[in-house]
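Okay, structure first, notes after.
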Amino acid sequence: MSDHELIWRIAGGSGDGIDSTSQNFAKALMRSGLDVFTHRHYPSRIRGGHTYVEIRAAGHKVQSRGDGYNFLLALGDSFARNPKEGAYYGNEEIKPLSENLDELNEGGIIVYDSGLLSEDDVESLNLEERAEENDWHVFDIDLRSMAKEHGREVMRNTAGVGVTAALLEMDLEHIEDLMRDAMPEKILEPNLEILHDAYDMVTEEYDFEHDLRIPEGDHEDEQALLSGSNAIAYGAIDSGCRFIAGYPMTPWTDVFTIMSQNLPDMGGISEQVEDEIAAAALAVGASHAGVKAMSGSSGGGFALMSEPLGLAEMTETPIVLLESMRAGPSTGMPTKPEQGDLEFTLYTSQGDSARVVFAPANIEEAYEQTRLAFHIAYEYQIPTIIIYDQKLSGENENVPVSFLDREPDPSLGSTLTEDELEDLPHDESGKFHRFQHDVENGVSPRSLPGQKGGRFLATGNEHTPAGHISEDPDNRVFQMDRRLEKLEAIRTELDEEHDSNQTYAGDESADFGIITWGSAQGAVLEATERLNDQGHSVKAVGVSDMMPFPEAELTEFIESVDQAMVVEMNATAQFRGLIQKELGRYGEKLTSLLKYNGNPFEPADVVEGYELNVDGSDAEPDAQVRIEPAAGD
């Protein structure tokens, strides 16, 4: 962790306004010129249960959560379950303080609400002794009473922000502006009052012995604070998507909600249906009718979509699906990040499948690869899947507003006009040969319902060029080979006509490589920079193309190093398995660094993994990660 950054953690109970308070504070830090990155931890409950949001802010680019954190605002859990001694879940009221101490860095600041957390409970934590050992600066402030004096207990969040700003000597201007933008007049004035009262009280009554202050920074361009879910939704809208169907399931629900809020204003349609089978089927139907469409779910919900997904593959109906991973199997840990659905997403199908899978790693990639997913889906008439996780879904990061200034793309891809249909083959009954055998890149242009001369049969069975069911061996080989030919053409287009979806960092001449995918990329890139700054020679690649696999790029990268460590958030090394499936000759070069405890990687985890790999040590890593040796070891 840099000495020139703030990592602020606000902790409370689910339902205590932790998320909204943190978002506003993150925006205030962004508007003050800082780069920000947020990480959200929350339980699988509607109300109550320990939750926190971490904001990392610096005057330089930040790409992941930091190593630990340096400021804790512990509000306590006002929705705590049974507080009696010996209760199954323990004393939940104090968990926003007790469960956050282990990760607080030396010299850090603690502010806790003494109006909610009792003196006896705090004493049971040996907080005074631990603070002395770690040089923590502890401030017990009765935020609850302060809020009640101003009329509403929920305003203790605002009081906590005022205390934070005072302790960091932060100007209140940007916080006040955000409050004026977000709050109706009825609650604005009392919130402004408590913000200033808390700020003034701390300034006047406390001496500051800590060194932590707000970093300095400046943005050349106007910034927006977006989550991965925002980026995916906006990418879909800018791609011309005007239909979405879904059923709520964490963490996919965020994209579904954003799309549902925006599509009606654009003449689009959002449908919440009874289950995920219906959702995917409706999206396939909408696309068949000539609308850019999408659907999605998480884990168990996406499993129900496998039948409509196979239908889209066989009928060659373009569609974009989202697979928003969470820890499994089954319900697993619904609100924790994990990258355990890769193999499931690649191979959930009936028979040999033809699909495209992208795995964006950050906000920019989420937007760009969503747009690319729609382009590929509708140009090549193939289902395209975006796989991401709870981490990318909910984390917020600032991006320049100009990044989103793109031309919309309403094109339906490889579709035909009625004039073009006149000159193409039809059978004796007048049906259009929608599924022609001999076409360029495997793409047989499609007609839309209602077009003159465009009538054909769409069936989930294998079929003739006009769509009639057929089990003829020669026809089967022609149709299967043609559908699979699309993947070769897509790989060629991705290699030749688009900037690489893979992200590279580090020393190009390095003999040690780190390979990762999806949301683990930010921690890997920061770790790579840190290792090179320490005098090591390391390079890294973050891979987004899961299918078709970027064989040439990964071959070149792996051949250029003596050893490569694959970093991913699952227990079974699924991405390493994919690399070895595609590039099996390099198995003896690959080791794994795995994390699957419900928390994302920190840069320090990756640095430690590298050091243990290079040293050949059998020592256990400090973090809850696991190292697996190369295939030949």
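The way I read the labels, and the way they are meant: chains A, B, ... in the order of the structure tokens, residue 1 as the first residue of every chain, and ligand 1 as the first ligand shown, with later ones counted on from there.
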When DSSP is applied to the backbone of this structure, which of stretch 188-410 of chain A are assigned strand (DSSP E)? Write them out as a count of residues only. 40
Would you list the contacts of stretch 549-557 of chain A as a VMD selection string, taking every protein, DNA or RNA residue within 8 Å and counting only C-alpha atoms, but skipping same-chain residues closer than 4 positions in sequence? chain A and resid 491 513 545 561 582 to 583
I want to know what sits within 10 Å of A:Lys292, based on only C-alpha atoms, with residues of the same chain fewer than 4 positions away left out; could you give that as an NGL selection string? :A and (236-237 or 239-244 or 268 or 283-284 or 286-288 or 318-320 or 374 or 377-378 or 410-413)
How would the residues just chosen look if you wrote them out with N, CA and C atoms as a compact mmCIF listing (two decimals), in the first residue's frame?
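Below is the file out-v9.txt, written as the result:
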```
# COMPACT_ATOMS: atom_id res chain seq x y z
N ALA A 236 -24.53 -2.29 -23.67
CA ALA A 236 -25.65 -2.94 -24.35
C ALA A 236 -26.57 -1.91 -25.00
N ILE A 237 -26.90 -0.87 -24.24
CA ILE A 237 -27.79 0.17 -24.77
C ILE A 237 -27.15 0.85 -25.98
N SER A 239 -25.15 -0.39 -27.96
CA SER A 239 -25.09 -1.36 -29.07
C SER A 239 -26.43 -1.53 -29.75
N GLY A 240 -27.44 -0.84 -29.27
CA GLY A 240 -28.76 -0.94 -29.87
C GLY A 240 -29.65 -1.98 -29.24
N CYS A 241 -29.25 -2.58 -28.10
CA CYS A 241 -30.11 -3.55 -27.42
C CYS A 241 -31.38 -2.86 -26.95
N ARG A 242 -32.52 -3.41 -27.34
CA ARG A 242 -33.79 -2.82 -26.96
C ARG A 242 -34.75 -3.83 -26.34
N PHE A 243 -34.24 -5.00 -25.97
CA PHE A 243 -35.07 -5.99 -25.28
C PHE A 243 -34.21 -6.75 -24.28
N ILE A 244 -34.73 -6.88 -23.08
CA ILE A 244 -34.08 -7.72 -22.08
C ILE A 244 -35.17 -8.45 -21.30
N GLY A 268 -37.63 0.70 -25.78
CA GLY A 268 -37.31 -0.71 -25.59
C GLY A 268 -38.23 -1.38 -24.59
N ALA A 283 -35.82 -13.84 -24.96
CA ALA A 283 -34.76 -13.09 -25.63
C ALA A 283 -34.45 -13.70 -26.99
N VAL A 284 -34.43 -15.02 -27.08
CA VAL A 284 -34.21 -15.68 -28.37
C VAL A 284 -35.33 -15.31 -29.34
N ALA A 286 -37.26 -12.62 -29.27
CA ALA A 286 -37.17 -11.21 -29.65
C ALA A 286 -36.10 -11.01 -30.72
N SER A 287 -34.96 -11.70 -30.56
CA SER A 287 -33.89 -11.57 -31.54
C SER A 287 -34.33 -12.15 -32.89
N HIS A 288 -35.00 -13.29 -32.85
CA HIS A 288 -35.52 -13.89 -34.10
C HIS A 288 -36.43 -12.92 -34.84
N PRO A 318 -28.87 -14.78 -33.15
CA PRO A 318 -27.93 -13.99 -32.34
C PRO A 318 -28.54 -13.57 -31.02
N ILE A 319 -27.76 -13.67 -29.98
CA ILE A 319 -28.22 -13.26 -28.65
C ILE A 319 -27.00 -13.04 -27.77
N VAL A 320 -27.11 -12.09 -26.83
CA VAL A 320 -26.06 -11.87 -25.84
C VAL A 320 -26.61 -12.29 -24.48
N PHE A 374 -22.14 -7.78 -28.84
CA PHE A 374 -23.30 -7.58 -29.71
C PHE A 374 -22.90 -7.58 -31.18
N ALA A 377 -22.18 -11.27 -32.07
CA ALA A 377 -23.40 -12.07 -32.05
C ALA A 377 -24.24 -11.84 -33.30
N TYR A 378 -24.42 -10.57 -33.68
CA TYR A 378 -25.33 -10.27 -34.78
C TYR A 378 -24.67 -10.35 -36.15
N PRO A 410 -27.03 0.54 -34.14
CA PRO A 410 -28.34 -0.13 -34.25
C PRO A 410 -28.35 -1.28 -35.25
N SER A 411 -27.23 -1.54 -35.94
CA SER A 411 -27.20 -2.54 -36.99
C SER A 411 -27.58 -3.93 -36.49
N LEU A 412 -28.34 -4.67 -37.30
CA LEU A 412 -28.70 -6.05 -36.99
C LEU A 412 -27.75 -7.05 -37.61
N GLY A 413 -26.62 -6.57 -38.11
CA GLY A 413 -25.61 -7.49 -38.61
C GLY A 413 -25.97 -8.09 -39.95
```
Correct to one decimal, the distance atom CA of A:Gly453-atom CA of A:Glu379 is 21.1 Å
Tell me which protein, DNA and RNA residues are within 12 Å of A:Phe432, counting only C-alpha atoms, leaving out same-chain ones fewer than 4 positions away, and put them as a VMD selection string. chain A and resid 416 418 420 to 428 436 444 to 449 451 to 458 464 to 468
I'd like to know which of A:Asn396, A:Ser22, A:Ser470, A:Ser295 is closest to A:Ser229, using only C-alpha atoms. A:Asn396
Excluding A:Ala303 and its own-chain neighbours fewer than 4 positions away, which residues fall within 9 Å of it when counting only C-alpha atoms? Please give them as a PyMOL selection string. chain A and resi 276-277+297-299+307+344-345+348
To one decimal in Å, tell me the separation between atom CA of A:Asp562 and atom CA of A:Glu620.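 Going from atom CA of A:Asp562 over to atom CA of A:Glu620 covers 23.3 Å.
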d(atom CA of A:Ala354, atom CA of A:Asp438) in Å: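 These two atoms are separated by 17.8 Å.
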Give me the residues near stretch 576-580 of chain A as JSON, numbers by chain, where near means some atom within 9 Å (using only C-alpha atoms) and where sequence neighbours in that chain fewer than 2 positions away do not count. {"A": [343, 515, 516, 546, 549, 551, 554, 566, 567, 568, 572, 573, 574, 582, 583, 584, 585, 586, 587, 590, 591, 592]}
What does the file look like for those residues with N, CA and C atoms, as a PDB file, in the first residue's frame?
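Dumped everything to part.pdb:
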```pdb
ATOM      1  N   GLU A 343     -15.769 -23.233 -16.696  1.00  0.00           N
ATOM      2  CA  GLU A 343     -16.014 -24.452 -17.466  1.00  0.00           C
ATOM      3  C   GLU A 343     -17.496 -24.637 -17.746  1.00  0.00           C
ATOM      4  N   ILE A 515      -0.283 -15.030 -15.552  1.00  0.00           N
ATOM      5  CA  ILE A 515      -1.450 -15.078 -16.436  1.00  0.00           C
ATOM      6  C   ILE A 515      -2.704 -15.056 -15.570  1.00  0.00           C
ATOM      7  N   THR A 516      -3.664 -14.245 -15.946  1.00  0.00           N
ATOM      8  CA  THR A 516      -4.904 -14.197 -15.180  1.00  0.00           C
ATOM      9  C   THR A 516      -6.064 -13.914 -16.105  1.00  0.00           C
ATOM     10  N   MET A 546     -12.186 -16.056 -23.899  1.00  0.00           N
ATOM     11  CA  MET A 546     -12.264 -17.433 -23.423  1.00  0.00           C
ATOM     12  C   MET A 546     -12.601 -18.399 -24.559  1.00  0.00           C
ATOM     13  N   PHE A 549     -10.436 -19.214 -28.187  1.00  0.00           N
ATOM     14  CA  PHE A 549      -9.250 -18.975 -27.377  1.00  0.00           C
ATOM     15  C   PHE A 549      -8.161 -18.269 -28.200  1.00  0.00           C
ATOM     16  N   GLU A 551      -5.127 -18.422 -29.135  1.00  0.00           N
ATOM     17  CA  GLU A 551      -4.021 -19.388 -29.140  1.00  0.00           C
ATOM     18  C   GLU A 551      -2.695 -18.738 -29.503  1.00  0.00           C
ATOM     19  N   LEU A 554      -1.367 -16.328 -26.593  1.00  0.00           N
ATOM     20  CA  LEU A 554      -0.926 -17.037 -25.386  1.00  0.00           C
ATOM     21  C   LEU A 554       0.294 -17.907 -25.671  1.00  0.00           C
ATOM     22  N   VAL A 566      -0.551 -18.945 -13.025  1.00  0.00           N
ATOM     23  CA  VAL A 566      -1.919 -18.621 -13.412  1.00  0.00           C
ATOM     24  C   VAL A 566      -2.707 -18.254 -12.148  1.00  0.00           C
ATOM     25  N   VAL A 567      -3.236 -17.038 -12.114  1.00  0.00           N
ATOM     26  CA  VAL A 567      -3.909 -16.498 -10.932  1.00  0.00           C
ATOM     27  C   VAL A 567      -5.409 -16.459 -11.191  1.00  0.00           C
ATOM     28  N   GLU A 568      -6.179 -17.124 -10.331  1.00  0.00           N
ATOM     29  CA  GLU A 568      -7.635 -17.127 -10.516  1.00  0.00           C
ATOM     30  C   GLU A 568      -8.340 -17.432  -9.207  1.00  0.00           C
ATOM     31  N   THR A 572     -10.317 -25.144  -8.417  1.00  0.00           N
ATOM     32  CA  THR A 572      -9.971 -26.233  -9.331  1.00  0.00           C
ATOM     33  C   THR A 572      -9.155 -25.784 -10.531  1.00  0.00           C
ATOM     34  N   ALA A 573      -8.600 -24.583 -10.488  1.00  0.00           N
ATOM     35  CA  ALA A 573      -7.705 -24.090 -11.549  1.00  0.00           C
ATOM     36  C   ALA A 573      -8.350 -24.223 -12.929  1.00  0.00           C
ATOM     37  N   GLN A 574      -9.547 -23.677 -13.076  1.00  0.00           N
ATOM     38  CA  GLN A 574     -10.301 -23.868 -14.317  1.00  0.00           C
ATOM     39  C   GLN A 574      -9.663 -23.178 -15.510  1.00  0.00           C
ATOM     40  N   GLU A 582      -5.956 -26.110 -24.515  1.00  0.00           N
ATOM     41  CA  GLU A 582      -5.641 -25.488 -25.798  1.00  0.00           C
ATOM     42  C   GLU A 582      -4.147 -25.559 -26.132  1.00  0.00           C
ATOM     43  N   LEU A 583      -3.313 -25.495 -25.101  1.00  0.00           N
ATOM     44  CA  LEU A 583      -1.848 -25.442 -25.303  1.00  0.00           C
ATOM     45  C   LEU A 583      -1.174 -26.460 -24.381  1.00  0.00           C
ATOM     46  N   GLY A 584      -1.568 -27.713 -24.507  1.00  0.00           N
ATOM     47  CA  GLY A 584      -1.120 -28.730 -23.572  1.00  0.00           C
ATOM     48  C   GLY A 584       0.383 -28.929 -23.501  1.00  0.00           C
ATOM     49  N   ARG A 585       1.080 -28.567 -24.548  1.00  0.00           N
ATOM     50  CA  ARG A 585       2.533 -28.780 -24.568  1.00  0.00           C
ATOM     51  C   ARG A 585       3.271 -27.909 -23.556  1.00  0.00           C
ATOM     52  N   TYR A 586       2.577 -26.925 -22.975  1.00  0.00           N
ATOM     53  CA  TYR A 586       3.251 -26.023 -22.030  1.00  0.00           C
ATOM     54  C   TYR A 586       2.876 -26.304 -20.575  1.00  0.00           C
ATOM     55  N   GLY A 587       2.225 -27.425 -20.306  1.00  0.00           N
ATOM     56  CA  GLY A 587       1.733 -27.714 -18.962  1.00  0.00           C
ATOM     57  C   GLY A 587       2.807 -27.664 -17.895  1.00  0.00           C
ATOM     58  N   LEU A 590       3.440 -24.220 -16.130  1.00  0.00           N
ATOM     59  CA  LEU A 590       2.361 -23.507 -15.461  1.00  0.00           C
ATOM     60  C   LEU A 590       2.185 -23.941 -14.015  1.00  0.00           C
ATOM     61  N   THR A 591       2.198 -22.984 -13.107  1.00  0.00           N
ATOM     62  CA  THR A 591       1.764 -23.207 -11.730  1.00  0.00           C
ATOM     63  C   THR A 591       0.494 -22.398 -11.503  1.00  0.00           C
ATOM     64  N   SER A 592      -0.167 -22.637 -10.385  1.00  0.00           N
ATOM     65  CA  SER A 592      -1.422 -21.934 -10.093  1.00  0.00           C
ATOM     66  C   SER A 592      -1.347 -21.222  -8.760  1.00  0.00           C
TER      67      SER A 592
END
```
Step one, run DSSP on the backbone; step two, keep only residues of stretch 248-396 of chain A assigned to helix (DSSP H, G or I); then write them as number ranges by chain. A: 253-266, 276-288, 299-304, 306-315, 342-347, 363-380, 390-394
